[in-house]
$ cat model.csv   # CSV, C-alpha atoms
chain,number,residue,atom,x,y,z
Z,30,MET,CA,23.2,10.0,-14.1
Z,31,VAL,CA,23.0,8.9,-10.5
Z,32,THR,CA,26.2,7.4,-9.2
Z,33,HIS,CA,26.0,4.7,-6.5
Z,34,GLU,CA,28.8,5.2,-4.0
Z,35,GLY,CA,28.0,3.5,-0.7
Z,36,ARG,CA,24.4,2.6,0.0
Z,37,HIS,CA,21.4,4.0,-1.7
Z,38,PHE,CA,19.0,5.8,0.7
Z,39,LEU,CA,15.6,4.4,-0.1
Z,40,GLN,CA,13.4,6.9,1.8
Z,41,ILE,CA,10.2,6.5,0.0
Z,42,PRO,CA,7.3,5.3,2.2
Z,43,GLY,CA,7.5,1.8,0.7
Z,44,PRO,CA,8.8,-0.4,-0.6
Z,45,THR,CA,11.3,-0.1,2.2
Z,46,ASN,CA,14.8,-1.3,2.8
Z,47,VAL,CA,15.0,-5.1,3.2
Z,48,PRO,CA,17.2,-6.2,6.2
Z,49,ASP,CA,20.1,-8.5,5.4
Z,50,ARG,CA,18.6,-11.1,7.7
Z,51,VAL,CA,15.5,-11.2,5.6
Z,52,LEU,CA,17.4,-11.3,2.3
Z,53,ARG,CA,19.5,-14.2,3.5
Z,54,ALA,CA,16.4,-16.0,4.6
Z,55,MET,CA,14.8,-15.5,1.2
Z,56,SER,CA,17.9,-16.9,-0.6
Z,57,ALA,CA,17.3,-20.4,0.8
Z,58,PRO,CA,16.6,-23.0,-1.8
Z,59,THR,CA,13.0,-23.2,-2.9
Z,60,ILE,CA,11.2,-26.3,-1.5
Z,61,ASP,CA,8.3,-28.4,-2.6
Z,62,HIS,CA,5.1,-26.5,-1.8
Z,63,ARG,CA,3.2,-29.8,-1.4
Z,64,GLY,CA,5.7,-31.4,1.0
Z,65,PRO,CA,5.9,-31.7,4.8
Z,66,GLU,CA,8.7,-29.1,5.2
Z,67,PHE,CA,6.6,-26.5,3.5
Z,68,ALA,CA,3.5,-27.5,5.6
Z,69,ALA,CA,5.6,-26.8,8.7
Z,70,LEU,CA,6.7,-23.4,7.3
Z,71,THR,CA,3.1,-22.4,6.6
Z,72,THR,CA,2.0,-23.3,10.1
Z,73,GLU,CA,4.8,-21.3,11.6
Z,74,VAL,CA,4.3,-18.3,9.5
Z,75,LEU,CA,0.6,-18.1,10.0
Z,76,ASP,CA,1.1,-18.3,13.8
Z,77,ALA,CA,3.9,-15.7,13.8
Z,78,VAL,CA,2.0,-13.1,11.8
Z,79,LYS,CA,-1.1,-13.0,14.0
Z,80,PRO,CA,0.4,-10.9,16.8
Z,81,VAL,CA,1.6,-8.3,14.2
Z,82,PHE,CA,-2.1,-7.8,13.3
Z,83,GLY,CA,-3.2,-8.0,16.9
Z,84,THR,CA,-5.5,-10.9,16.2
Z,85,THR,CA,-6.0,-14.5,17.3
Z,86,GLY,CA,-8.2,-15.1,14.2
Z,87,PRO,CA,-7.2,-16.2,10.7
Z,88,VAL,CA,-4.8,-14.2,8.5
Z,89,VAL,CA,-5.1,-14.9,4.8
Z,90,ILE,CA,-1.9,-14.5,2.7
Z,91,TYR,CA,-2.0,-13.9,-1.0
Z,92,PRO,CA,0.8,-13.7,-3.7
Z,93,ALA,CA,-0.5,-10.2,-4.4
Z,94,SER,CA,0.0,-6.5,-3.9
Z,95,GLY,CA,-1.9,-4.4,-1.5
Z,96,THR,CA,-4.4,-3.7,-4.3
Z,97,GLY,CA,-5.1,-7.4,-4.4
Z,98,ALA,CA,-5.7,-7.4,-0.7
Z,99,TRP,CA,-8.1,-4.5,-1.1
Z,100,GLU,CA,-10.0,-6.4,-3.7
Z,101,ALA,CA,-10.1,-9.6,-1.5
Z,102,ALA,CA,-11.6,-7.7,1.4
Z,103,LEU,CA,-14.4,-6.5,-0.9
Z,104,VAL,CA,-15.2,-9.6,-2.9
Z,105,ASN,CA,-15.4,-11.9,0.1
Z,106,THR,CA,-17.8,-9.8,2.1
Z,107,LEU,CA,-20.0,-7.7,-0.2
Z,108,SER,CA,-22.6,-8.1,-3.0
Z,109,PRO,CA,-23.2,-6.1,-6.2
Z,110,GLY,CA,-25.2,-3.0,-5.4
Z,111,ASP,CA,-24.1,-2.9,-1.7
Z,112,ARG,CA,-23.2,0.6,-0.5
Z,113,VAL,CA,-19.8,1.2,1.0
Z,114,LEU,CA,-18.8,4.3,2.9
Z,115,ILE,CA,-15.2,5.5,2.4
Z,116,GLY,CA,-13.5,8.6,3.9
Z,117,GLU,CA,-11.5,10.6,1.4
Z,118,THR,CA,-8.1,11.0,3.1
Z,119,GLY,CA,-5.8,10.9,0.1
Z,120,HIS,CA,-4.8,9.2,-3.1
Z,121,PHE,CA,-5.1,5.7,-1.9
Z,122,SER,CA,-8.5,6.1,-0.4
Z,123,THR,CA,-9.7,7.4,-3.8
Z,124,LEU,CA,-8.1,4.4,-5.5
Z,125,TRP,CA,-9.9,2.0,-3.1
Z,126,ALA,CA,-13.2,3.8,-3.8
Z,127,GLY,CA,-12.6,3.4,-7.5
Z,128,LEU,CA,-11.9,-0.3,-7.1
Z,129,ALA,CA,-15.1,-0.7,-5.2
Z,130,ALA,CA,-17.1,1.0,-7.9
Z,131,LYS,CA,-15.6,-1.3,-10.6
Z,132,HIS,CA,-17.1,-4.2,-8.7
Z,133,GLY,CA,-20.6,-2.8,-8.9
Z,134,LEU,CA,-20.7,-1.4,-5.4
Z,135,ARG,CA,-22.3,2.0,-4.7
Z,136,VAL,CA,-19.6,4.2,-3.1
Z,137,ASP,CA,-20.5,6.9,-0.7
Z,138,VAL,CA,-17.5,9.2,-0.1
Z,139,ILE,CA,-17.0,11.5,2.9
Z,140,PRO,CA,-15.1,14.3,1.3
Z,141,GLY,CA,-11.8,15.4,2.8
Z,142,ASP,CA,-9.0,17.9,2.2
Z,143,TRP,CA,-6.2,15.3,2.3
Z,144,ARG,CA,-4.8,16.9,5.4
Z,145,ARG,CA,-6.9,15.2,7.9
Z,146,GLY,CA,-8.1,11.6,8.7
Z,147,VAL,CA,-11.6,10.2,8.5
Z,148,ASP,CA,-13.9,12.2,10.7
Z,149,PRO,CA,-15.6,9.8,13.1
Z,150,ALA,CA,-18.5,12.3,13.6
Z,151,ALA,CA,-19.2,12.3,9.9
Z,152,VAL,CA,-19.2,8.5,9.9
Z,153,ARG,CA,-21.7,8.5,12.7
Z,154,GLU,CA,-23.9,11.1,10.8
Z,155,ARG,CA,-23.9,9.0,7.6
Z,156,LEU,CA,-24.7,5.8,9.5
Z,157,ASP,CA,-27.5,7.4,11.5
Z,158,ALA,CA,-29.1,8.6,8.3
Z,159,ASP,CA,-28.9,5.0,6.8
Z,160,ALA,CA,-32.1,3.8,8.5
Z,161,GLY,CA,-32.4,0.9,6.1
Z,162,HIS,CA,-28.9,-0.3,6.8
Z,163,GLU,CA,-28.0,-0.2,3.1
Z,164,ILE,CA,-24.3,0.6,3.9
Z,165,ALA,CA,-22.7,-2.8,4.1
Z,166,ALA,CA,-19.1,-1.6,4.9
Z,167,VAL,CA,-17.1,1.3,6.2
Z,168,CYS,CA,-13.7,1.5,4.5
Z,169,VAL,CA,-10.9,3.4,6.2
Z,170,VAL,CA,-7.2,3.8,5.2
Z,171,HIS,CA,-5.5,3.7,8.6
Z,172,ASN,CA,-2.3,5.5,7.4
Z,173,GLU,CA,-2.7,7.4,4.2
Z,174,THR,CA,0.6,6.8,2.4
Z,175,SER,CA,0.1,9.8,0.1
Z,176,THR,CA,-0.4,12.4,3.0
Z,177,GLY,CA,1.2,11.1,6.2
Z,178,VAL,CA,-2.2,11.2,8.0
Z,179,THR,CA,-3.3,8.4,10.3
Z,180,SER,CA,-7.0,8.0,10.9
Z,181,ARG,CA,-8.3,7.3,14.3
Z,182,VAL,CA,-9.7,3.8,13.8
Z,183,PRO,CA,-10.9,3.2,17.4
Z,184,GLU,CA,-13.0,6.3,17.1
Z,185,VAL,CA,-14.5,5.2,13.8
Z,186,ARG,CA,-15.4,1.8,15.4
Z,187,ALA,CA,-17.0,3.7,18.3
Z,188,ALA,CA,-19.0,5.8,15.8
Z,189,ILE,CA,-20.3,2.6,14.1
Z,190,ASP,CA,-21.3,1.1,17.5
Z,191,ALA,CA,-22.9,4.4,18.6
Z,192,ALA,CA,-25.1,4.3,15.5
Z,193,ALA,CA,-26.0,0.6,16.3
Z,194,HIS,CA,-25.2,-0.1,12.6
Z,195,PRO,CA,-24.3,-3.6,11.3
Z,196,ALA,CA,-21.8,-2.3,8.7
Z,197,LEU,CA,-18.5,-4.1,8.5
Z,198,LEU,CA,-15.3,-2.2,9.2
Z,199,LEU,CA,-12.6,-2.7,6.6
Z,200,VAL,CA,-9.2,-1.1,7.3
Z,201,ASP,CA,-6.2,-0.6,5.0
Z,202,THR,CA,-3.0,-0.9,7.1
Z,203,ILE,CA,-0.6,-1.2,4.1
Z,204,SER,CA,1.7,1.6,5.4
Z,205,SER,CA,1.0,1.3,9.1
Z,206,LEU,CA,1.2,-2.4,10.0
Z,207,ALA,CA,4.3,-3.2,12.1
Z,208,SER,CA,5.0,0.6,12.2
Z,209,ILE,CA,2.1,2.2,14.0
Z,210,ASP,CA,0.1,0.7,16.9
Z,211,TYR,CA,-2.7,-1.4,15.4
Z,212,ARG,CA,-5.1,-3.9,17.1
Z,213,HIS,CA,-7.4,-5.8,14.8
Z,214,ASP,CA,-9.3,-7.7,17.5
Z,215,GLU,CA,-9.4,-5.0,20.2
Z,216,TRP,CA,-10.5,-2.3,17.8
Z,217,GLY,CA,-13.3,-4.4,16.3
Z,218,VAL,CA,-12.0,-4.4,12.8
Z,219,ASP,CA,-13.6,-7.0,10.5
Z,220,VAL,CA,-11.1,-7.1,7.6
Z,221,THR,CA,-7.6,-5.7,7.9
Z,222,VAL,CA,-5.7,-5.2,4.6
Z,223,ALA,CA,-1.9,-5.2,4.5
Z,224,GLY,CA,1.1,-5.6,2.2
Z,225,SER,CA,4.5,-7.0,2.6
Z,226,GLN,CA,6.7,-4.1,1.4
Z,227,LYS,CA,6.6,-1.6,4.2
Z,228,GLY,CA,6.6,-2.2,7.9
Z,229,LEU,CA,7.0,-6.0,7.4
Z,230,MET,CA,10.4,-5.2,5.7
Z,231,LEU,CA,9.9,-7.5,2.7
Z,232,PRO,CA,9.9,-7.0,-1.0
Z,233,PRO,CA,6.5,-6.4,-2.6
Z,234,GLY,CA,4.6,-9.5,-3.4
Z,235,LEU,CA,2.5,-10.6,-0.4
Z,236,GLY,CA,-1.0,-9.3,0.4
Z,237,PHE,CA,-2.9,-10.0,3.6
Z,238,ASN,CA,-6.4,-10.1,5.0
Z,239,ALA,CA,-6.9,-10.5,8.8
Z,240,VAL,CA,-10.5,-11.6,9.1
Z,241,SER,CA,-13.0,-11.4,12.0
Z,242,ARG,CA,-15.7,-14.0,12.7
Z,243,LYS,CA,-18.3,-11.5,11.6
Z,244,ALA,CA,-16.6,-11.1,8.3
Z,245,LEU,CA,-16.4,-14.9,7.8
Z,246,ASP,CA,-20.1,-15.2,8.5
Z,247,HIS,CA,-21.0,-12.2,6.3
Z,248,ARG,CA,-20.3,-13.5,2.8
Z,249,GLY,CA,-21.7,-11.6,-0.1
Z,250,SER,CA,-22.3,-12.7,-3.7
Z,251,LEU,CA,-19.3,-10.9,-5.3
Z,252,THR,CA,-17.1,-13.7,-6.6
Z,253,SER,CA,-13.4,-14.3,-7.2
Z,254,ALA,CA,-11.9,-17.8,-7.6
Z,255,TYR,CA,-8.4,-16.4,-6.8
Z,256,PHE,CA,-9.3,-14.3,-3.7
Z,257,ASP,CA,-11.9,-16.6,-2.2
Z,258,TRP,CA,-11.0,-17.1,1.5
Z,259,ASP,CA,-12.7,-20.5,1.8
Z,260,PRO,CA,-10.3,-22.7,-0.2
Z,261,ILE,CA,-7.3,-20.8,1.2
Z,262,LEU,CA,-8.4,-21.3,4.8
Z,263,GLU,CA,-9.2,-25.0,4.1
Z,264,SER,CA,-5.7,-25.6,2.6
Z,265,ASN,CA,-4.0,-23.5,5.4
Z,266,ALA,CA,-5.5,-25.8,8.0
Z,267,ARG,CA,-3.2,-28.6,6.5
Z,268,GLY,CA,-0.3,-26.3,6.0
Z,269,PHE,CA,-0.8,-25.6,2.3
Z,270,PHE,CA,-2.3,-23.2,-0.3
Z,271,PRO,CA,-4.7,-23.9,-3.1
Z,272,TYR,CA,-2.2,-22.2,-5.6
Z,273,THR,CA,1.5,-22.0,-5.9
Z,274,PRO,CA,2.6,-19.7,-3.0
Z,275,ALA,CA,5.5,-17.2,-2.9
Z,276,THR,CA,7.7,-19.7,-1.1
Z,277,ASN,CA,10.8,-17.6,-0.6
Z,278,LEU,CA,8.8,-14.6,0.4
Z,279,LEU,CA,7.3,-16.8,3.2
Z,280,TYR,CA,10.9,-17.6,4.3
Z,281,GLY,CA,11.4,-13.8,4.5
Z,282,LEU,CA,8.1,-13.2,6.3
Z,283,ARG,CA,9.1,-15.8,9.0
Z,284,GLU,CA,12.4,-13.9,9.5
Z,285,ALA,CA,10.7,-10.5,9.6
Z,286,CYS,CA,8.2,-11.7,12.2
Z,287,ALA,CA,11.1,-13.0,14.3
Z,288,MET,CA,12.8,-9.6,14.1
Z,289,LEU,CA,9.7,-7.8,15.2
Z,290,ALA,CA,9.2,-10.2,18.0
Z,291,GLU,CA,12.8,-9.8,19.2
Z,292,GLU,CA,12.5,-6.0,19.3
Z,293,GLY,CA,9.0,-6.2,20.7
Z,294,LEU,CA,6.1,-4.4,19.0
Z,295,PRO,CA,5.8,-1.7,21.6
Z,296,ALA,CA,9.4,-0.8,21.0
Z,297,VAL,CA,8.9,-1.0,17.2
Z,298,PHE,CA,6.0,1.5,17.5
Z,299,ALA,CA,8.0,3.8,19.9
Z,300,ARG,CA,11.0,3.8,17.5
Z,301,HIS,CA,8.8,4.9,14.6
Z,302,GLN,CA,7.2,7.6,16.7
Z,303,ARG,CA,10.6,8.9,17.8
Z,304,HIS,CA,11.7,9.2,14.2
Z,305,ALA,CA,8.5,10.8,13.1
Z,306,THR,CA,8.7,13.4,15.9
Z,307,ALA,CA,12.3,14.2,15.0
Z,308,THR,CA,11.4,14.5,11.3
Z,309,ARG,CA,8.6,16.9,12.0
Z,310,ALA,CA,10.8,19.0,14.3
Z,311,ALA,CA,13.3,19.3,11.4
Z,312,VAL,CA,10.6,20.3,8.9
Z,313,ARG,CA,9.4,23.1,11.2
Z,314,ALA,CA,12.9,24.3,12.0
Z,315,TRP,CA,13.4,24.7,8.2
Z,316,GLY,CA,10.4,26.9,8.2
Z,317,LEU,CA,8.3,24.5,6.1
Z,318,GLU,CA,4.9,22.9,6.8
Z,319,VAL,CA,3.9,19.4,7.6
Z,320,LEU,CA,0.9,18.4,5.4
Z,321,CYS,CA,-1.0,16.8,8.3
Z,322,LEU,CA,-2.9,19.4,10.3
Z,323,ASP,CA,-4.1,17.4,13.3
Z,324,GLU,CA,-1.5,16.4,15.8
Z,325,ARG,CA,-3.6,13.4,16.8
Z,326,GLU,CA,-3.2,12.1,13.3
Z,327,TYR,CA,0.5,12.5,12.7
Z,328,SER,CA,2.0,9.4,11.0
Z,329,GLY,CA,4.8,7.4,12.5
Z,330,SER,CA,5.6,5.9,9.0
Z,331,LEU,CA,6.2,9.0,6.9
Z,332,THR,CA,6.1,12.8,6.8
Z,333,ALA,CA,4.7,14.7,3.9
Z,334,VAL,CA,6.3,18.1,3.5
Z,335,LEU,CA,4.4,21.0,1.8
Z,336,LEU,CA,6.6,23.4,-0.1
Z,337,PRO,CA,6.0,27.1,-0.5
Z,338,SER,CA,4.1,28.4,-3.5
Z,339,GLY,CA,6.4,28.7,-6.5
Z,340,HIS,CA,8.7,25.8,-5.6
Z,341,ASN,CA,8.4,22.3,-7.2
Z,342,ALA,CA,8.7,19.3,-4.9
Z,343,ASP,CA,9.8,17.1,-7.8
Z,344,GLU,CA,12.7,19.4,-8.4
Z,345,VAL,CA,13.8,18.9,-4.8
Z,346,ARG,CA,13.5,15.1,-5.3
Z,347,ARG,CA,15.5,15.2,-8.5
Z,348,VAL,CA,18.4,17.2,-6.8
Z,349,VAL,CA,18.4,14.9,-3.8
Z,350,LEU,CA,18.5,11.8,-6.0
Z,351,GLU,CA,21.2,13.0,-8.4
Z,352,ARG,CA,23.5,14.6,-5.8
Z,353,PHE,CA,23.0,12.3,-2.8
Z,354,ASP,CA,21.6,9.0,-4.2
Z,355,MET,CA,18.5,9.2,-2.1
Z,356,SER,CA,14.9,8.5,-3.2
Z,357,LEU,CA,12.1,10.5,-1.6
Z,358,GLY,CA,8.4,9.9,-2.2
Z,359,SER,CA,6.6,12.1,-4.8
Z,360,GLY,CA,3.4,13.9,-4.3
Z,361,LEU,CA,0.5,11.8,-5.6
Z,362,GLY,CA,-2.8,12.9,-7.3
Z,363,LYS,CA,-3.7,16.5,-6.5
Z,364,LEU,CA,-0.5,16.8,-4.4
Z,365,ALA,CA,1.8,16.2,-7.3
Z,366,GLY,CA,4.6,18.8,-7.3
Z,367,THR,CA,3.5,20.4,-4.1
Z,368,VAL,CA,4.8,17.9,-1.5
Z,369,PHE,CA,7.5,15.3,-1.1
Z,370,ARG,CA,7.3,12.5,1.3
Z,371,ILE,CA,10.0,11.3,3.7
Z,372,GLY,CA,9.7,7.6,4.6
Z,373,HIS,CA,10.9,6.6,8.0
Z,374,LEU,CA,9.5,3.2,8.5
Z,375,GLY,CA,10.6,-0.4,8.5
Z,376,HIS,CA,14.3,-1.4,9.0
Z,377,PHE,CA,15.5,2.1,10.1
Z,378,ASN,CA,17.5,3.6,13.0
Z,379,ASP,CA,18.5,7.0,14.4
Z,380,LEU,CA,21.7,7.3,12.2
Z,381,SER,CA,19.7,6.4,9.1
Z,382,LEU,CA,17.3,9.2,9.9
Z,383,ALA,CA,20.2,11.6,10.5
Z,384,GLY,CA,21.6,10.9,7.1
Z,385,THR,CA,18.2,11.1,5.5
Z,386,LEU,CA,17.5,14.6,7.0
Z,387,SER,CA,21.0,15.8,6.1
Z,388,GLY,CA,20.3,14.9,2.4
Z,389,VAL,CA,16.9,16.6,2.5
Z,390,GLN,CA,18.3,19.8,4.0
Z,391,MET,CA,21.1,20.0,1.4
Z,392,GLY,CA,18.7,19.2,-1.4
Z,393,LEU,CA,16.3,21.9,-0.3
Z,394,GLN,CA,19.1,24.5,-0.3
Z,395,LEU,CA,20.5,23.4,-3.7
Z,396,ALA,CA,17.0,23.5,-5.2
Z,397,GLY,CA,16.6,27.1,-4.1
Z,398,VAL,CA,13.9,26.5,-1.5
Z,399,PRO,CA,14.1,29.3,1.1
Z,400,ILE,CA,14.7,27.5,4.4
Z,401,LYS,CA,16.3,28.2,7.7
Z,402,PRO,CA,19.4,26.1,8.4
Z,403,GLY,CA,19.5,24.0,11.5
Z,404,GLY,CA,16.7,21.5,10.9
Z,405,VAL,CA,19.1,18.6,11.1
Z,406,GLU,CA,20.5,19.9,14.4
Z,407,VAL,CA,17.1,20.1,15.9
Z,408,ALA,CA,16.3,16.6,14.9
Z,409,LEU,CA,19.6,15.3,16.3
Z,410,GLU,CA,18.9,17.0,19.6
Z,411,HIS,CA,15.6,15.2,19.7
Z,412,LEU,CA,17.1,11.8,18.9
Z,413,ARG,CA,19.9,12.3,21.5
Z,414,ASP,CA,17.5,13.4,24.3
Z,415,ALA,CA,14.9,10.8,23.5
Z,416,GLY,CA,17.4,8.1,24.3
$ encode --input "model.csv" --output "structure tokens"
Amino acid sequence: MVTHEGRHFLQIPGPTNVPDRVLRAMSAPTIDHRGPEFAALTTEVLDAVKPVFGTTGPVVIYPASGTGAWEAALVNTLSPGDRVLIGETGHFSTLWAGLAAKHGLRVDVIPGDWRRGVDPAAVRERLDADAGHEIAAVCVVHNETSTGVTSRVPEVRAAIDAAAHPALLLVDTISSLASIDYRHDEWGVDVTVAGSQKGLMLPPGLGFNAVSRKALDHRGSLTSAYFDWDPILESNARGFFPYTPATNLLYGLREACAMLAEEGLPAVFARHQRHATATRAAVRAWGLEVLCLDEREYSGSLTAVLLPSGHNADEVRRVVLERFDMSLGSGLGKLAGTVFRIGHLGHFNDLSLAGTLSGVQMGLQLAGVPIKPGGVEVALEHLRDAG
């Protein structure tokens, strides 16, 4: 049995810890979602969330998970039989590919080893070979939550442009939005997919699509009454939704956007990078391996740690949970049992990271993983000197 003395350390890569300010905002009484007070809330939230995506265009909000937002991106832009190109970067890219196939789309996968991001050169090669422009969309997971690898979206956009290809660019930012630098408009993204439960510091329950003008004009024949952008955008213009919205989560979203604005997004991104760098320093000081192989693709949201052969990452997670009341992320898909994931995103500070890494170090030792002591000290030195 896990005993709860003090606070639980929720160090999975999402859902993340919800700040007290957001919890208090969500505890406000529910209001009439057809009344003027709600219309004012909707207008405020829709305006506040745009800078987080780096867009001046519309952001569609659903009462849905990130999976729902994936589906919305596909059904609003594509037609049965369309080809989509997806880079295999980890467990979630494969799930998105599977979802596309279920909708009757032809999925072309760029194979990957789950230790690197999408290869822009491979995207260029596939698009150059598509003389008939059958590929309707390129799908990229910006930050692969299962691996701690961040794909280089601007380079993918450049590859599409260099091929002079009309394919839409659809990007999943579920574990990067409000944690890692992201710019929907500047990077030429057509649909950005996001969820509420990670960098936005909310509970699960809201899904998002930020939508370009090109995406709005490129409507396919896949259909969904629930995810259709048109009635939502029409209702949003008056401050409402065509369905019952997640009212209290919208209260929380307004507060979370206010917190991000107060800190400033550049400072938010710098904080996440500082914590990620300190975590990787600790992992290497322990003599262990970071799963991500390309330093250009290190994640600011999480670090996936690869264990030596013969050691089970789930055993480490079990020990850490039972002894120190801390949850770490499991290895997913083909990484099950070989990696654990340290989440360092959202509502998180230097001392939270110090406690997290202390628990990981003790857990590794108790689980019999051969490590060098001192990883925590190396991380503390980095945090201290980074100022």
$ atom_distance --input "model.csv" --atom1 "atom CA of Trp315 of chain Z" --atom2 "atom CA of Ser359 of chain Z"
19.3 Å
$ atom_distance --input "model.csv" --atom1 "atom CA of Thr59 of chain Z" --atom2 "atom CA of Thr276 of chain Z"
6.6 Å
$ atom_distance --input "model.csv" --atom1 "atom CA of Gly86 of chain Z" --atom2 "atom CA of Val240 of chain Z"
6.6 Å
$ closest_residue --input "model.csv" --among "Z:Pro271, Z:Pro80, Z:Gly329, Z:Gly224" --to "Ala299 of chain Z" --atoms "all atoms listed in the file"
Z:Gly329
$ residues_around --input "model.csv" --residues "Gly127 of chain Z" --least-positions-apart "3" --cutoff "12 Å" --atoms "all atoms listed in the file" --output "list in words"
Thr96, Trp99, Glu100, Val113, Ile115, Glu117, His120, Phe121, Ser122, Thr123, Leu124, Ala130, Lys131, His132, Gly133, Leu134, Arg135, Val136, Asp137 and Val138 of chain Z
$ closest_residue --input "model.csv" --among "Z:Val74, Z:Ala396, Z:Val220, Z:Ala196" --to "Gly161 of chain Z" --atoms "all atoms listed in the file"
Z:Ala196
$ residues_around --input "model.csv" --residues "Ser330 of chain Z" --least-positions-apart "3" --cutoff "9 Å" --atoms "only C-alpha atoms" --output "PyMOL selection string"
chain Z and resi 42+172+174+177+204-205+208-209+227-228+301-302+304-305+371-375
